[in-house]
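Undergrad: Below are the structure tokens for one structure; questions will follow.
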Amino acid sequence: MNRRSTILAAVAVAALGLSSCSTVSRLNPFDRGDDKPSELAGEGQRISIIPADQRLEPAEALKGVDFFLPPPTRVEAWPLPGGNPEQAVGAVDAAPNLEIAWRKGFGEGVSRGRYVTAPPVAADGKVFVMDAEGRVAALDGRTGSQLWRVGTNPGDNKRDKLGFGGGVAYADGKVYAVSGHRQVMQLDAGTGAVGWRTKTSEAIHGAPTISGGRVFAVALDNTLLTFDTATGAPGWTYQALSESARILSASSPAVSGDTVVAAFGSGELVALRTANGNDLWNEALSRASRTSALSEIRDIPGRPAIYQGDVFAVSHSGVFAATDLRTGQARWSLPVVGVTGPLPAGDVVYVVSKTGDVICASRESGQIYWIRNLNEGFKAKKTGGFFGIGGQRQAQPVWSAPLLAGERLLIVGQTGQLVALNAKTGEVQKRLDLKGASTLSPIAMGDTVYVVTEEADLIAIR
């Protein structure tokens, strides 16, 4: 498989009853059918800012209008995949020069049936990562030296087709790892010693979130699982609707106070009580009619973000929405197809579409300030085939969710570049050659920004 298609590859879930090879062919990641979203299904009170059959464009009323961004602050740790339980870190004060300090390999990179999908986390001067074989490693944050490495595959079963993905999180001197090898583990952050190990019935491809003494993780069968951080004992669970097709990347739950918000492959965005899993509200971020095989995938593969009392999330089927955290009331939506999570900050919220559009929208109204297409000028080439006959057309490069560093948005992509955009205008300020594809959002610790590539390299940028 062409690496450029990695993040878009849809996986059929065997546990949900994959019935025929035709299902796989319908989900071909190189499908070039029309992914433009059409009419919204069940909008309720949501305000649709732009009709689904119209092109996204900046609002005339916002041209030349300034907006507030939070001042940058130095963060000394990035313990969770989204930085904090709400998965909405403001502006960080890091990497002012945007120069690569070092790069270190930490294990196996992308190969047939194996993918690097775990975002890094950082704390106590260490960066914790997971490679394509599910091995967790701790690297020194200043030098990149490997401190320890532990596998999550108890039987070293390389034939497990779902044994990829997962992720790590940090809390109180412990690292919590989940993996496609159906394992949840607690590791000592200093030594890698295993504190406990719990087996799950389904693979977990998304990184966990730690909050209030619980581990929250979404399994491949669309079940939200919880575990006690001290013992690993399973807690309450929540079963969302079944869905046999997913995007390769997977979401992590967001937590605010006593509420956890989880996103599922069914396109459901669900708010639950952290204490017992009681359902507070459920919103479907999907459209009634879809026009291609890929657009039929309802998944919300990016992390939802909670900010100033609202939940922001974007689905692969073409809904980018703001929802009131307390009531579940949908506020506004935009027809955006996304595979990464949004970034709310100050007066605005940023989101990157599957086609490479970076969109800056008003957090309150959903009206658009500016759009920058990172794939502008991209020309698809055919790969494979025989003398120009057959072959597959390259998909457009996919880009990560942004990190706001000062007044710059840092975004990495499958082109092997890090692009810095002016957060106020969208203008490109700098391009940095990473020499490695990535769709995992950069993180920050201290004065350094870290990027994990598909080749399982950790890159430190200062």
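Here, A, B, ... name the chains of the structure tokens in the order displayed, residue numbers run from 1 inside each chain, and ligands are numbered from 1 in the same displayed order.
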Can you list, as a ChimeraX atom specification, every residue of stretch 167-334 of chain A that DSSP puts in strand (DSSP E or B)?

TA: /A:167-171,174-179,183-188,194-199,209-211,214-218,223-228,234-239,245-247,254-256,259-263,268-273,279-284,287,305-307,310-314,320-324,330-334

Undergrad: Just want the 8 Å neighbourhood of A:Pro342, counted on only C-alpha atoms, with same-chain residues fewer than 3 positions away dropped. Output as a PyMOL selection string.

TA: chain A and resi 302-305+312-314+349-352+401-402

Undergrad: Between A:Ala345, A:Ala444, A:Leu432, A:Ala177, which one has atoms that come closest to A:Val75, using only C-alpha atoms?

TA: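 Of the candidates, the smallest distance to A:Val75 is held by A:Ala444.
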
Undergrad: Write out as a PyMOL selection string which residues come within 8 Å of stretch 449-457 of chain A when counting only C-alpha atoms, dropping same-chain ones fewer than 2 positions away.

TA: chain A and resi 94-95+103-110+115-117+119-120+131-132+436-445+447+459-462

Undergrad: So that I have them on file, write out the residues from the current selection with C-alpha atoms, as an mmCIF file, in the first residue's frame.

TA:
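Produced file result23.cif, reproduced below:
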data_model
loop_
_atom_site.group_PDB
_atom_site.id
_atom_site.type_symbol
_atom_site.label_atom_id
_atom_site.label_comp_id
_atom_site.auth_asym_id
_atom_site.auth_seq_id
_atom_site.Cartn_x
_atom_site.Cartn_y
_atom_site.Cartn_z
ATOM 1 C CA ALA A 94 8.021 26.445 22.090
ATOM 2 C CA ALA A 95 10.308 26.026 19.069
ATOM 3 C CA ARG A 103 15.876 12.679 15.254
ATOM 4 C CA LYS A 104 15.893 9.215 16.784
ATOM 5 C CA GLY A 105 14.339 5.947 15.684
ATOM 6 C CA PHE A 106 12.370 4.094 18.344
ATOM 7 C CA GLY A 107 11.230 0.879 16.668
ATOM 8 C CA GLU A 108 9.361 -0.517 13.691
ATOM 9 C CA GLY A 109 7.798 1.867 11.215
ATOM 10 C CA VAL A 110 4.990 1.398 8.723
ATOM 11 C CA TYR A 115 1.013 1.327 11.184
ATOM 12 C CA VAL A 116 2.343 4.021 13.497
ATOM 13 C CA THR A 117 -0.849 5.659 14.758
ATOM 14 C CA PRO A 119 0.528 10.150 19.210
ATOM 15 C CA PRO A 120 3.460 10.830 21.538
ATOM 16 C CA ASP A 131 5.885 1.855 17.291
ATOM 17 C CA ALA A 132 4.032 -0.145 14.623
ATOM 18 C CA GLY A 436 9.521 11.587 6.963
ATOM 19 C CA ALA A 437 5.757 11.466 6.501
ATOM 20 C CA SER A 438 3.498 12.090 9.493
ATOM 21 C CA THR A 439 -0.170 12.713 10.231
ATOM 22 C CA LEU A 440 0.172 12.771 14.030
ATOM 23 C CA SER A 441 -0.200 16.246 15.489
ATOM 24 C CA PRO A 442 2.970 17.778 16.974
ATOM 25 C CA ILE A 443 3.199 18.099 20.755
ATOM 26 C CA ALA A 444 5.230 20.405 22.992
ATOM 27 C CA MET A 445 7.245 20.070 26.195
ATOM 28 C CA ASP A 447 11.029 24.721 24.522
ATOM 29 C CA ILE A 459 11.977 14.453 15.754
ATOM 30 C CA ALA A 460 12.789 17.251 18.219
ATOM 31 C CA ILE A 461 12.305 20.808 16.903
ATOM 32 C CA ARG A 462 13.528 23.887 18.772
#

Undergrad: Nearest residue to A:Val89 out of A:Phe227, A:Tyr238, A:Phe128, A:Tyr307, using only C-alpha atoms?

TA: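 Looking at the shortest contact to A:Val89, the residue is A:Tyr307.
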
Undergrad: Excluding same-chain residues fewer than 2 positions from A:Val168, what lies within 10 Å of it counting only C-alpha atoms, as a list in words?

TA: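 Non-adjacent residues within range: Pro79, Leu80, Pro81, Ala118, Pro119, Pro120, Val121, Ala122, Phe128, Val129, Met130, Val136, Ala137, Gly166, Tyr170, Val175, Tyr176, Ala177, Val178, Ser179, Val184, Met185, Gln186, Gly206, Ala207, Pro208, Thr209 and Ile210 of chain A.
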
Undergrad: From the options A:Glu268, A:Asp279, A:Glu427, A:Asp140, which residue's atoms come nearest to A:Lys126, counting only C-alpha atoms?

TA: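 Nearest to A:Lys126: A:Asp140.
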
Undergrad: Excluding stretch 316-323 of chain A and any residue of its chain fewer than 3 positions from it, enumerate the residues within 8 Å of it, using only C-alpha atoms, and give them as JSON, numbers by chain.

TA: {"A": [36, 37, 267, 285, 286, 287, 290, 295, 296, 297, 298, 299, 300, 301, 310, 311, 312, 313, 328, 329, 330, 331, 332, 333, 334, 335, 336, 337, 338, 339]}

Undergrad: List the neighbours of A:Leu269 out to 6 Å using only C-alpha atoms; skip same-chain residues closer than 6 positions along the sequence, and give me the result as a list of chain:residue names.

TA: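 That gives A:Ala262, A:Ala263, A:Asn282, A:Glu283.
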
Undergrad: Those residues with N, CA and C atoms, as a short mmCIF file (atom, residue, chain, number, x, y, z; two decimals), in the first residue's frame please?

TA:
data_model
loop_
_atom_site.label_atom_id
_atom_site.label_comp_id
_atom_site.auth_asym_id
_atom_site.auth_seq_id
_atom_site.Cartn_x
_atom_site.Cartn_y
_atom_site.Cartn_z
N ALA A 262 -17.05 10.85 24.01
CA ALA A 262 -16.36 9.87 23.17
C ALA A 262 -16.91 9.90 21.75
N ALA A 263 -16.04 9.66 20.79
CA ALA A 263 -16.42 9.62 19.37
C ALA A 263 -16.25 8.20 18.86
N ASN A 282 -26.50 12.27 22.92
CA ASN A 282 -25.91 11.55 21.79
C ASN A 282 -26.22 12.33 20.53
N GLU A 283 -25.19 12.66 19.76
CA GLU A 283 -25.37 13.39 18.51
C GLU A 283 -24.71 12.63 17.37
#

Undergrad: When you draw a straight line from atom CA of A:Thr340 to atom CA of A:Asp357, how long is it in Å?

TA: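 Answer for the atom CA of A:Thr340 to atom CA of A:Asp357 separation: 12.0 Å.
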